[in-house]
$ cat input-v2.txt   # compact mmCIF, C-alpha atoms and all ligand atoms
# COMPACT_ATOMS: atom_id res chain seq x y z
CA MET A 1 -266.88 82.98 61.60
CA GLN A 2 -268.81 79.78 60.86
CA PHE A 3 -266.84 76.53 60.99
CA GLN A 4 -269.81 74.15 60.80
CA LEU A 5 -271.57 73.25 57.58
CA THR A 6 -275.32 73.92 57.64
CA GLU A 7 -277.84 71.08 57.60
CA GLU A 8 -278.57 71.80 53.94
CA GLN A 9 -274.88 71.72 53.05
CA VAL A 10 -274.40 68.41 54.86
CA ALA A 11 -277.44 66.97 53.06
CA PHE A 12 -276.11 68.14 49.67
CA GLN A 13 -272.67 66.71 50.47
CA ASP A 14 -274.29 63.42 51.44
CA THR A 15 -276.31 63.24 48.22
CA VAL A 16 -273.21 63.78 46.10
CA ARG A 17 -271.23 61.27 48.21
CA ARG A 18 -273.85 58.59 47.57
CA PHE A 19 -273.96 59.47 43.87
CA ALA A 20 -270.16 59.31 43.61
CA ARG A 21 -269.98 55.91 45.33
CA ALA A 22 -272.82 54.43 43.29
CA LYS A 23 -272.25 55.93 39.83
CA LEU A 24 -268.67 57.22 39.53
CA ALA A 25 -266.74 54.59 41.54
CA PRO A 26 -267.48 51.71 39.11
CA TYR A 27 -265.82 53.74 36.32
CA ALA A 28 -262.75 55.03 38.22
CA ALA A 29 -260.27 52.36 37.07
CA ALA A 30 -261.62 52.33 33.49
CA ILE A 31 -261.36 56.14 33.25
CA ASP A 32 -257.71 55.76 34.18
CA GLU A 33 -256.89 52.97 31.77
CA SER A 34 -259.26 53.01 28.79
CA PRO A 35 -259.58 55.72 26.12
CA GLU A 36 -263.36 55.17 26.00
CA PHE A 37 -265.16 58.27 27.25
CA PRO A 38 -267.88 57.22 29.76
CA TRP A 39 -270.86 58.89 28.09
CA ASP A 40 -273.46 57.25 30.36
CA LEU A 41 -271.67 58.51 33.43
CA TYR A 42 -271.36 61.98 31.95
CA ARG A 43 -275.10 62.15 31.30
CA ALA A 44 -275.77 60.86 34.82
CA LEU A 45 -273.68 63.74 36.19
CA GLY A 46 -275.79 66.09 34.09
CA ALA A 47 -279.06 64.59 35.32
CA GLN A 48 -277.84 65.11 38.89
CA GLY A 49 -277.15 68.83 38.21
CA LEU A 50 -273.41 68.33 38.73
CA LEU A 51 -272.30 69.65 35.34
CA GLY A 52 -273.67 73.08 36.19
CA LEU A 53 -272.97 73.32 39.90
CA THR A 54 -273.27 77.10 40.25
CA VAL A 55 -275.50 77.53 37.20
CA PRO A 56 -279.04 78.67 38.17
CA GLU A 57 -281.65 75.94 38.48
CA ASP A 58 -283.83 77.43 35.74
CA MET A 59 -280.88 76.91 33.38
CA GLY A 60 -280.58 73.25 34.40
CA GLY A 61 -277.86 73.61 37.05
CA SER A 62 -277.77 73.00 40.79
CA GLY A 63 -277.92 76.71 41.66
CA ALA A 64 -275.31 76.00 44.32
CA GLY A 65 -273.03 78.53 45.98
CA VAL A 66 -269.27 78.28 45.50
CA LEU A 67 -268.75 76.48 48.82
CA GLU A 68 -271.45 73.92 47.97
CA ALA A 69 -269.85 73.41 44.55
CA CYS A 70 -266.58 72.68 46.33
CA LEU A 71 -268.29 70.20 48.66
CA ALA A 72 -269.58 68.35 45.60
CA ALA A 73 -266.20 68.39 43.83
CA GLU A 74 -264.53 67.09 46.99
CA GLU A 75 -266.82 64.06 47.06
CA LEU A 76 -266.29 63.35 43.36
CA GLY A 77 -262.53 63.86 43.77
CA ARG A 78 -262.42 61.14 46.41
CA VAL A 79 -263.56 58.67 43.80
CA SER A 80 -261.93 59.82 40.54
CA ALA A 81 -259.64 62.81 40.59
CA SER A 82 -259.17 62.44 36.83
CA PHE A 83 -262.86 62.82 36.06
CA ALA A 84 -264.07 65.09 38.86
CA PRO A 85 -262.56 68.32 37.42
CA ARG A 86 -264.96 67.93 34.46
CA VAL A 87 -267.75 69.31 36.65
CA GLY A 88 -265.74 72.52 37.04
CA VAL A 89 -265.02 72.78 33.32
CA SER A 90 -268.62 72.33 32.19
CA THR A 91 -269.82 74.76 34.86
CA MET A 92 -267.22 77.35 33.85
CA ILE A 93 -268.11 77.06 30.16
CA ALA A 94 -271.87 77.26 30.83
CA GLU A 95 -271.33 80.31 33.05
CA SER A 96 -269.11 82.00 30.46
CA ILE A 97 -271.94 81.65 27.94
CA LEU A 98 -274.52 82.84 30.48
CA LEU A 99 -272.48 85.89 31.40
CA GLY A 100 -270.95 86.88 28.08
CA GLY A 101 -273.26 85.34 25.51
CA THR A 102 -276.19 86.65 23.52
CA GLU A 103 -279.74 85.46 24.19
CA GLU A 104 -279.41 83.13 21.21
CA GLN A 105 -276.12 81.63 22.45
CA ARG A 106 -277.55 81.07 25.92
CA ALA A 107 -280.65 79.40 24.55
CA ARG A 108 -278.66 77.15 22.25
CA TRP A 109 -275.82 75.99 24.49
CA VAL A 110 -276.33 76.33 28.24
CA LYS A 111 -279.03 73.76 29.03
CA PRO A 112 -277.62 71.01 26.74
CA ILE A 113 -274.12 71.49 28.21
CA VAL A 114 -275.40 71.41 31.79
CA ALA A 115 -277.58 68.36 31.03
CA GLY A 116 -274.58 66.47 29.66
CA ASP A 117 -276.21 66.22 26.21
CA LEU A 118 -273.36 68.22 24.69
CA LEU A 119 -269.71 67.82 25.66
CA PRO A 120 -267.72 71.07 25.78
CA ALA A 121 -263.94 71.62 25.78
CA ILE A 122 -261.92 74.73 26.59
CA ALA A 123 -258.90 75.69 24.47
CA LEU A 124 -256.43 78.21 25.80
CA THR A 125 -253.01 76.49 25.88
CA GLU A 126 -250.76 76.48 22.80
CA PRO A 127 -247.39 74.85 22.02
CA GLU A 128 -245.54 78.12 22.72
CA SER A 129 -247.95 79.54 25.28
CA GLY A 130 -248.63 77.58 28.45
CA SER A 131 -248.13 79.38 31.76
CA ASP A 132 -247.65 82.60 29.80
CA ALA A 133 -251.21 82.25 28.52
CA LEU A 134 -251.56 85.79 27.21
CA SER A 135 -248.72 85.20 24.73
CA LEU A 136 -251.04 82.99 22.66
CA THR A 137 -250.81 83.46 18.90
CA THR A 138 -254.00 81.90 17.51
CA THR A 139 -255.75 84.66 15.55
CA ALA A 140 -259.30 85.34 14.44
CA VAL A 141 -259.76 87.79 11.60
CA GLU A 142 -263.11 89.11 10.35
CA HIS A 143 -264.00 87.46 7.06
CA GLY A 144 -267.18 87.39 4.99
CA GLY A 145 -269.46 88.49 7.84
CA GLY A 146 -267.89 85.97 10.24
CA TRP A 147 -264.40 85.05 11.46
CA ARG A 148 -261.51 83.00 10.12
CA ILE A 149 -259.36 81.35 12.80
CA ASN A 150 -255.77 80.10 12.43
CA GLY A 151 -253.52 78.57 15.06
CA THR A 152 -252.63 75.50 17.11
CA LYS A 153 -253.86 74.56 20.59
CA ARG A 154 -252.25 71.88 22.75
CA PHE A 155 -253.33 69.57 25.60
CA ILE A 156 -257.02 70.37 25.06
CA THR A 157 -259.04 67.86 27.07
CA ASN A 158 -261.63 65.99 25.01
CA ALA A 159 -261.29 68.33 22.00
CA ASP A 160 -261.56 65.37 19.61
CA ILE A 161 -264.91 64.23 21.00
CA ALA A 162 -266.32 67.60 22.09
CA ASP A 163 -269.45 69.05 20.49
CA VAL A 164 -268.19 72.57 21.03
CA ILE A 165 -264.84 74.12 21.91
CA LEU A 166 -264.63 77.39 23.81
CA LEU A 167 -261.52 78.84 22.27
CA VAL A 168 -259.49 81.95 23.08
CA ALA A 169 -257.86 83.78 20.16
CA ARG A 170 -256.31 87.15 19.38
CA LEU A 171 -258.51 89.37 17.27
CA GLY A 172 -257.60 91.16 14.06
CA GLU A 173 -254.69 91.00 11.61
CA GLY A 174 -251.56 90.14 13.59
CA GLY A 175 -253.76 89.80 16.69
CA ALA A 176 -253.61 93.51 17.41
CA ASP A 177 -257.19 93.97 18.66
CA GLY A 178 -257.19 92.15 22.00
CA PHE A 179 -258.68 88.76 22.81
CA GLY A 180 -261.91 87.06 21.87
CA THR A 181 -263.62 83.86 22.99
CA PHE A 182 -265.27 81.72 20.31
CA LEU A 183 -267.61 78.76 20.30
CA VAL A 184 -266.19 76.47 17.63
CA GLU A 185 -268.47 73.61 16.67
CA LYS A 186 -267.55 70.00 16.01
CA GLY A 187 -267.04 69.26 12.33
CA SER A 188 -266.02 72.81 11.36
CA ALA A 189 -263.98 72.70 8.15
CA GLY A 190 -260.26 73.16 8.89
CA LEU A 191 -260.56 71.88 12.49
CA GLU A 192 -258.14 68.98 12.91
CA PHE A 193 -256.92 66.86 15.81
CA THR A 194 -253.31 66.06 15.04
CA SER A 195 -252.36 64.23 18.20
CA VAL A 196 -253.91 62.60 21.26
CA TYR A 197 -251.11 62.40 23.82
CA SER A 198 -250.48 59.23 25.77
CA LYS A 199 -250.29 60.33 29.41
CA MET A 200 -249.73 59.34 33.03
CA ALA A 201 -253.38 58.90 34.11
CA GLY A 202 -256.97 59.44 33.01
CA ALA A 203 -256.84 57.81 29.56
CA ALA A 204 -260.56 58.54 29.03
CA LEU A 205 -259.77 62.27 29.13
CA HIS A 206 -258.02 62.84 25.80
CA ALA A 207 -255.31 65.51 25.75
CA CYS A 208 -255.42 66.69 22.15
CA GLU A 209 -253.44 68.89 19.86
CA VAL A 210 -255.86 70.95 17.78
CA VAL A 211 -254.94 72.66 14.53
CA LEU A 212 -257.19 75.42 13.20
CA ASP A 213 -256.38 75.87 9.56
CA GLY A 214 -258.54 78.73 8.32
CA VAL A 215 -261.56 77.58 10.34
CA GLU A 216 -264.50 79.79 9.38
CA VAL A 217 -267.11 80.49 12.01
CA PRO A 218 -270.18 82.76 11.81
CA SER A 219 -270.32 86.09 13.65
CA GLY A 220 -272.59 84.44 16.22
CA ALA A 221 -269.70 82.20 17.30
CA LEU A 222 -267.97 85.11 19.03
CA LEU A 223 -268.93 84.84 22.67
CA GLY A 224 -267.53 88.14 23.67
CA GLU A 225 -264.35 90.06 23.70
CA ALA A 226 -262.72 88.38 26.66
CA PRO A 227 -262.61 90.82 29.54
CA LEU A 228 -258.93 90.22 30.24
CA PRO A 229 -257.30 90.36 32.63
CA ALA A 230 -259.23 91.37 35.80
CA GLY A 231 -262.66 89.70 35.55
CA PHE A 232 -261.25 86.77 33.62
CA ILE A 233 -258.69 86.03 36.33
CA HIS A 234 -261.39 86.12 39.01
CA ALA A 235 -263.57 83.78 36.93
CA MET A 236 -260.63 81.39 36.55
CA SER A 237 -260.17 81.30 40.30
CA LYS A 238 -263.49 79.44 40.60
CA GLY A 239 -261.96 76.68 38.44
CA ARG A 240 -258.99 76.68 40.80
CA LEU A 241 -261.27 76.18 43.78
CA ILE A 242 -262.87 73.18 42.11
CA VAL A 243 -259.42 71.66 41.51
CA THR A 244 -258.56 72.44 45.16
CA ALA A 245 -261.68 70.59 46.25
CA VAL A 246 -260.85 67.60 44.05
CA ALA A 247 -257.33 67.50 45.54
CA THR A 248 -258.73 67.69 49.07
CA GLY A 249 -261.11 64.79 48.39
CA LEU A 250 -258.29 62.79 46.82
CA ALA A 251 -256.04 63.33 49.86
CA ALA A 252 -258.88 62.44 52.25
CA GLU A 253 -259.64 59.20 50.42
CA ALA A 254 -255.96 58.19 50.21
CA THR A 255 -255.63 58.78 53.95
CA GLU A 256 -258.69 56.63 54.62
CA VAL A 257 -257.53 53.77 52.37
CA ALA A 258 -254.07 53.83 53.98
CA THR A 259 -255.49 53.93 57.52
CA ARG A 260 -257.78 50.99 56.83
CA TYR A 261 -254.92 48.99 55.34
CA ALA A 262 -252.64 49.83 58.27
CA THR A 263 -255.18 48.49 60.76
CA GLU A 264 -255.58 45.23 58.80
CA ARG A 265 -252.04 44.47 57.67
CA ARG A 266 -249.96 42.70 60.34
CA GLN A 267 -246.19 42.43 60.54
CA PHE A 268 -244.02 41.48 63.53
CA GLY A 269 -247.17 40.18 65.20
CA ARG A 270 -249.21 43.37 65.21
CA PRO A 271 -251.14 45.72 62.87
CA ILE A 272 -248.64 48.05 61.18
CA ILE A 273 -250.58 51.09 62.49
CA LYS A 274 -249.14 50.17 65.91
CA PHE A 275 -245.67 51.14 64.65
CA GLN A 276 -244.99 54.80 65.24
CA GLY A 277 -243.20 55.07 61.89
CA VAL A 278 -246.51 54.26 60.17
CA SER A 279 -248.96 55.98 62.52
CA PHE A 280 -247.06 59.29 62.35
CA MET A 281 -247.20 59.16 58.56
CA LEU A 282 -250.96 58.67 58.76
CA ALA A 283 -251.28 61.48 61.29
CA ASP A 284 -249.33 63.86 59.02
CA MET A 285 -251.51 62.86 56.07
CA ALA A 286 -254.63 63.68 58.09
CA ILE A 287 -253.21 66.98 59.38
CA ARG A 288 -252.27 68.17 55.89
CA THR A 289 -255.61 67.13 54.43
CA GLU A 290 -257.52 68.94 57.16
CA ALA A 291 -255.41 72.08 56.62
CA ALA A 292 -256.10 71.93 52.88
CA ARG A 293 -259.83 71.61 53.57
CA SER A 294 -259.82 74.59 55.93
CA LEU A 295 -258.07 76.78 53.37
CA LEU A 296 -260.48 75.57 50.66
CA TYR A 297 -263.57 76.41 52.70
CA ARG A 298 -262.21 79.84 53.64
CA ALA A 299 -261.27 80.63 50.03
CA ALA A 300 -264.70 79.45 48.83
CA SER A 301 -266.45 81.50 51.54
CA VAL A 302 -264.85 84.82 50.59
CA TYR A 303 -264.83 84.20 46.82
CA ARG A 304 -267.98 86.18 46.08
CA ASP A 305 -267.60 89.03 48.54
CA ASP A 306 -263.95 89.99 48.20
CA GLU A 307 -262.60 89.66 44.68
CA VAL A 308 -258.99 90.58 45.51
CA LEU A 309 -258.63 88.38 48.59
CA GLY A 310 -260.79 85.65 47.03
CA THR A 311 -258.51 85.42 43.98
CA ALA A 312 -255.37 85.30 46.14
CA LEU A 313 -256.83 82.69 48.48
CA ALA A 314 -257.89 80.56 45.50
CA SER A 315 -254.26 80.52 44.31
CA MET A 316 -252.99 79.71 47.80
CA ALA A 317 -255.58 76.95 48.21
CA LYS A 318 -254.94 75.42 44.77
CA CYS A 319 -251.21 75.36 45.34
CA PHE A 320 -251.41 74.04 48.91
CA ALA A 321 -254.10 71.39 48.43
CA THR A 322 -252.64 69.93 45.25
CA ASP A 323 -249.17 69.73 46.84
CA VAL A 324 -250.84 68.03 49.82
CA ALA A 325 -252.61 65.58 47.49
CA MET A 326 -249.28 64.72 45.84
CA GLN A 327 -247.54 64.14 49.15
CA VAL A 328 -250.42 62.29 50.81
CA THR A 329 -251.04 59.93 47.89
CA THR A 330 -247.29 59.19 47.67
CA ASP A 331 -247.27 58.42 51.40
CA ALA A 332 -250.36 56.24 50.98
CA VAL A 333 -248.46 54.10 48.48
CA GLN A 334 -245.65 53.83 51.06
CA VAL A 335 -248.02 52.76 53.84
CA LEU A 336 -249.38 49.98 51.63
CA GLY A 337 -245.86 48.81 50.78
CA GLY A 338 -245.64 46.52 47.74
CA SER A 339 -249.43 46.32 47.59
CA GLY A 340 -249.56 50.10 47.15
CA TYR A 341 -247.49 49.79 44.01
CA THR A 342 -249.92 47.33 42.40
CA ARG A 343 -253.23 47.97 40.68
CA GLU A 344 -254.94 45.74 43.25
CA PHE A 345 -255.31 48.91 45.31
CA PRO A 346 -256.30 52.40 44.15
CA VAL A 347 -253.47 54.41 45.73
CA GLU A 348 -250.98 54.20 42.85
CA ARG A 349 -253.71 55.57 40.55
CA MET A 350 -254.42 58.33 43.06
CA MET A 351 -250.73 59.25 43.12
CA ARG A 352 -250.66 59.54 39.33
CA GLU A 353 -253.91 61.54 39.35
CA ALA A 354 -252.52 63.96 41.92
CA LYS A 355 -249.64 64.96 39.64
CA LEU A 356 -251.86 66.59 37.03
CA LEU A 357 -253.61 68.68 39.68
CA GLN A 358 -250.27 70.40 40.38
CA ILE A 359 -249.85 71.20 36.68
CA TYR A 360 -253.12 72.42 35.19
CA GLU A 361 -255.45 75.31 36.09
CA GLY A 362 -252.17 77.24 36.44
CA THR A 363 -249.09 75.34 37.64
CA ASN A 364 -248.23 75.59 41.32
CA GLN A 365 -245.23 77.75 40.45
CA VAL A 366 -247.60 80.15 38.70
CA GLN A 367 -249.91 80.14 41.75
CA ARG A 368 -246.92 81.12 43.90
CA VAL A 369 -246.11 83.94 41.46
CA LEU A 370 -249.72 85.18 41.84
CA VAL A 371 -249.60 84.93 45.63
CA ALA A 372 -246.31 86.86 45.76
CA ARG A 373 -247.82 89.51 43.48
CA HIS A 374 -250.77 89.78 45.87
CA LEU A 375 -248.37 90.25 48.81
CA GLU A 376 -246.59 93.06 47.01
CA SER A 377 -249.77 94.86 45.97
CA ALA A 378 -251.21 94.55 49.50
CA LEU A 379 -248.35 96.80 50.69
CA GLU A 380 -249.23 99.58 48.23
C1 LIG B 401 -253.62 66.34 30.91
C2 LIG B 401 -253.70 67.81 30.62
C3 LIG B 401 -254.92 68.38 30.33
C4 LIG B 401 -255.00 69.74 30.01
N1 LIG B 401 -256.21 70.27 29.63
C5 LIG B 401 -256.23 71.54 29.15
C6 LIG B 401 -257.43 72.05 28.55
O1 LIG B 401 -258.48 71.38 28.50
N2 LIG B 401 -257.40 73.31 28.03
C7 LIG B 401 -256.28 74.08 28.05
O2 LIG B 401 -256.33 75.19 27.55
N3 LIG B 401 -255.13 73.62 28.61
C8 LIG B 401 -255.07 72.37 29.14
N4 LIG B 401 -253.91 71.87 29.68
C9 LIG B 401 -252.71 72.71 29.65
C10 LIG B 401 -252.23 73.13 31.01
O3 LIG B 401 -253.06 74.13 31.53
C11 LIG B 401 -250.76 73.56 30.84
O4 LIG B 401 -250.01 72.38 30.63
C12 LIG B 401 -250.23 74.34 32.01
O5 LIG B 401 -250.83 75.60 32.08
C13 LIG B 401 -248.70 74.53 31.93
O6 LIG B 401 -248.31 74.98 30.68
P1 LIG B 401 -247.12 74.22 29.92
O7 LIG B 401 -247.42 72.78 29.92
O8 LIG B 401 -246.90 74.88 28.62
O9 LIG B 401 -245.85 74.41 30.85
P2 LIG B 401 -244.86 75.68 30.86
O10 LIG B 401 -245.65 76.94 30.98
O11 LIG B 401 -243.89 75.56 29.75
O12 LIG B 401 -244.10 75.44 32.24
C14 LIG B 401 -243.02 74.52 32.38
C15 LIG B 401 -242.49 74.66 33.80
O13 LIG B 401 -242.01 76.02 34.01
C16 LIG B 401 -242.67 76.58 35.13
N5 LIG B 401 -242.88 78.01 34.93
C17 LIG B 401 -243.42 78.63 33.85
N6 LIG B 401 -243.48 79.96 34.05
C18 LIG B 401 -242.99 80.18 35.30
C19 LIG B 401 -242.79 81.34 36.10
N7 LIG B 401 -243.14 82.56 35.69
N8 LIG B 401 -242.23 81.18 37.33
C20 LIG B 401 -241.89 79.95 37.79
N9 LIG B 401 -242.06 78.82 37.07
C21 LIG B 401 -242.61 78.94 35.85
C22 LIG B 401 -244.00 75.84 35.24
O14 LIG B 401 -244.54 75.91 36.55
C23 LIG B 401 -243.57 74.43 34.86
O15 LIG B 401 -243.02 73.79 35.97
C24 LIG B 401 -253.83 70.54 30.04
C25 LIG B 401 -252.60 69.95 30.39
C26 LIG B 401 -252.51 68.61 30.66
C27 LIG B 401 -251.18 68.01 31.00
$ encode --input "input-v2.txt" --output "structure tokens"
Amino acid sequence: MQFQLTEEQVAFQDTVRRFARAKLAPYAAAIDESPEFPWDLYRALGAQGLLGLTVPEDMGGSGAGVLEACLAAEELGRVSASFAPRVGVSTMIAESILLGGTEEQRARWVKPIVAGDLLPAIALTEPESGSDALSLTTTAVEHGGGWRINGTKRFITNADIADVILLVARLGEGGADGFGTFLVEKGSAGLEFTSVYSKMAGAALHACEVVLDGVEVPSGALLGEAPLPAGFIHAMSKGRLIVTAVATGLAAEATEVATRYATERRQFGRPIIKFQGVSFMLADMAIRTEAARSLLYRAASVYRDDEVLGTALASMAKCFATDVAMQVTTDAVQVLGGSGYTREFPVERMMREAKLLQIYEGTNQVQRVLVARHLESALE
């Protein structure tokens, strides 16, 4: 078992760290507070190969392995845990098109998405179908050589500004023919954005309600009949690993900010880190973060070779690391005292960013359900 990163992995990590500090950090507060989407930053991520982390280089990506992708997401997550998950989303969408799409779909969409020239969104969640994703009711019925789609999607990130939405629907009258994934283009007639929710963090990432009122798409918009549930669930676990990595980076950064503050801030004639009540909090933050990182690296290492264990470990890692991020960022606010509660320091933003990581890509309750299911099936 290898516990050291290779020289190449360290070099890649270092490149992304420098990129994140130079290009992403200046936007972190604005991404949190302003609804303006940072297009320049997004294109810079594309130019760096970060919007297609595991996409092959000849398709414009980084051609990285899953562990390397996680190393990159960890570095980006240190700086903006609201924005960093976008690298996982664009990678997942590009890979879905590469794997399930026709030659024409690949040629049209993959490189522009990975370059950051086109912004994609992914639409699965509906008002009545969240954790119970397969109960979705949006339908696509064959019509005039193409498809007609009806339904409502909720909390779809960037749907209102996306060039293309990867959308999951039930096929056939009454949705009786299984599931399909469609590429729905911006400006399609009948595609409406009825609400952009005001939310706790990440104002630049718009959480939209999307109504599809008889949206007609050509036959070429069908990406493939979604191979649910087995392969799809494994594919989703890569997204979970990216969120795990973002959470690990977020926890690491919060620990570092709190440690630095605790060495500088003096009360009762000494730096507050000299009080055991503070230093033990910092030690626990570091211990939890390191444990999250170990689980992340193990899950990422077995992802490709062992689908069953890899999927279970991805759920464990997502659940553990995002809970750690929530706890560590909350403790970081505590270590900074009143300053931690102000926007003069980044830790209150980090605490708000951590909350979403526990909710999306499958809530942490759902991850526990999946882990328990894995335990049961391992006995069979
Ligand atoms: C900011 C934001 C961005 C998002 N972006 C996207 C996006 O781009 N695309 C997209 O498709 N979706 C997106 N989502 C949706 C997100 O994935 C869902 O919110 C999430 O899956 C939970 O679904 P829900 O909100 O309907 O909660 P519910 O499923 O209603 O869950 C409510 C509570 O019940 C718990 N619960 C549910 N079922 C169980 C169970 N079996 N056992 C134990 N507890 C359970 C949940 O854990 C949760 O605590 C986004 C959400 C947010 C908030």
$ residues_near_ligand --input "input-v2.txt" --ligand "ligand LIG 401 (chain B)" --cutoff "10 Å" --atoms "all atoms listed in the file" --output "PyMOL selection string"
chain A and resi 82+86+89+120-133+153-159+165-168+197-203+205-208+353+355-370
$ atom_distance --input "input-v2.txt" --atom1 "atom CA of Gln4 of chain A" --atom2 "atom CA of Arg298 of chain A"
11.9 Å
$ residues_around --input "input-v2.txt" --residues "segment 322-337 of chain A" --least-positions-apart "2" --cutoff "7 Å" --atoms "only C-alpha atoms" --output "number ranges by chain"
A: 244, 247-248, 250-251, 254-255, 258, 261, 278, 285, 288-289, 318-320, 339-341, 347-348, 350-351, 354-355, 357-358
$ closest_residue --input "input-v2.txt" --among "A:Ala29, A:Glu307, A:Val164, A:Leu71" --to "Arg343 of chain A" --atoms "all atoms listed in the file"
A:Ala29
$ residues_around --input "input-v2.txt" --residues "Ser219 of chain A" --least-positions-apart "2" --cutoff "12 Å" --atoms "all atoms listed in the file" --output "JSON, numbers by chain"
{"A": [102, 105, 140, 141, 142, 143, 144, 145, 146, 147, 148, 149, 180, 181, 182, 183, 184, 216, 217, 221, 222, 223, 224]}
$ atom_distance --input "input-v2.txt" --atom1 "atom CA of Thr263 of chain A" --atom2 "atom CA of Ser279 of chain A"
9.9 Å
$ atom_distance --input "input-v2.txt" --atom1 "atom CA of Gly239 of chain A" --atom2 "atom CA of Thr91 of chain A"
8.8 Å
$ closest_residue --input "input-v2.txt" --among "A:Thr137, A:Thr15, A:Ser34, A:Ser80" --to "Gln48 of chain A" --atoms "only C-alpha atoms"
A:Thr15
$ residues_near_point --input "input-v2.txt" --point "(-273.6, 82.5, 28.7)" --cutoff "12 Å" --atoms "only C-alpha atoms" --output "JSON, numbers by chain"
{"A": [55, 56, 59, 90, 91, 92, 93, 94, 95, 96, 97, 98, 99, 100, 101, 102, 103, 104, 105, 106, 107, 108, 109, 110, 111, 113, 114, 166, 181, 182, 183, 222, 223, 224]}
$ closest_residue --input "input-v2.txt" --among "A:Leu76, A:Ser195, A:Ser294, A:Arg265" --to "Gln2 of chain A" --atoms "all atoms listed in the file"
A:Ser294
$ closest_residue --input "input-v2.txt" --among "A:Ala20, A:Val211, A:Ile272, A:Ala312" --to "Met236 of chain A" --atoms "all atoms listed in the file"
A:Ala312
$ closest_residue --input "input-v2.txt" --among "A:Leu313, A:Gly65, A:Gly220, A:Arg170" --to "Ser237 of chain A" --atoms "only C-alpha atoms"
A:Leu313
$ closest_residue --input "input-v2.txt" --among "A:Ile31, A:Leu379, A:Ala64, A:Leu296" --to "Phe83 of chain A" --atoms "all atoms listed in the file"
A:Ile31
$ axis_aligned_box --input "input-v2.txt" --around "segment 18-30 of chain A" --padding-each-side "5 Å" --output "JSON"
{"center_x": -267.1, "center_y": 55.6, "center_z": 40.5, "size_x": 23.7, "size_y": 17.8, "size_z": 24.1}
$ build_atoms --input "input-v2.txt" --residues "segment 37-49 of chain A" --atoms "N, CA and C atoms" --output "compact mmCIF listing (two decimals), in the frame of the given file"
# COMPACT_ATOMS: atom_id res chain seq x y z
N PHE A 37 -264.56 57.25 26.38
CA PHE A 37 -265.16 58.27 27.25
C PHE A 37 -266.47 57.71 27.83
N PRO A 38 -266.69 57.81 29.14
CA PRO A 38 -267.88 57.22 29.76
C PRO A 38 -269.11 58.11 29.59
N TRP A 39 -269.73 58.00 28.42
CA TRP A 39 -270.86 58.89 28.09
C TRP A 39 -272.03 58.73 29.06
N ASP A 40 -272.32 57.47 29.44
CA ASP A 40 -273.46 57.25 30.36
C ASP A 40 -273.23 57.97 31.68
N LEU A 41 -272.01 57.85 32.17
CA LEU A 41 -271.67 58.51 33.43
C LEU A 41 -271.81 60.03 33.29
N TYR A 42 -271.33 60.53 32.16
CA TYR A 42 -271.36 61.98 31.95
C TYR A 42 -272.81 62.49 31.97
N ARG A 43 -273.69 61.73 31.31
CA ARG A 43 -275.10 62.15 31.30
C ARG A 43 -275.71 62.02 32.69
N ALA A 44 -275.26 61.02 33.45
CA ALA A 44 -275.77 60.86 34.82
C ALA A 44 -275.35 62.06 35.68
N LEU A 45 -274.13 62.54 35.47
CA LEU A 45 -273.68 63.74 36.19
C LEU A 45 -274.57 64.92 35.84
N GLY A 46 -274.91 65.01 34.54
CA GLY A 46 -275.79 66.09 34.09
C GLY A 46 -277.17 66.00 34.73
N ALA A 47 -277.72 64.79 34.75
CA ALA A 47 -279.06 64.59 35.32
C ALA A 47 -279.08 64.96 36.80
N GLN A 48 -277.95 64.81 37.46
CA GLN A 48 -277.84 65.11 38.89
C GLN A 48 -277.57 66.61 39.14
N GLY A 49 -277.42 67.38 38.06
CA GLY A 49 -277.15 68.83 38.21
C GLY A 49 -275.70 69.15 38.47
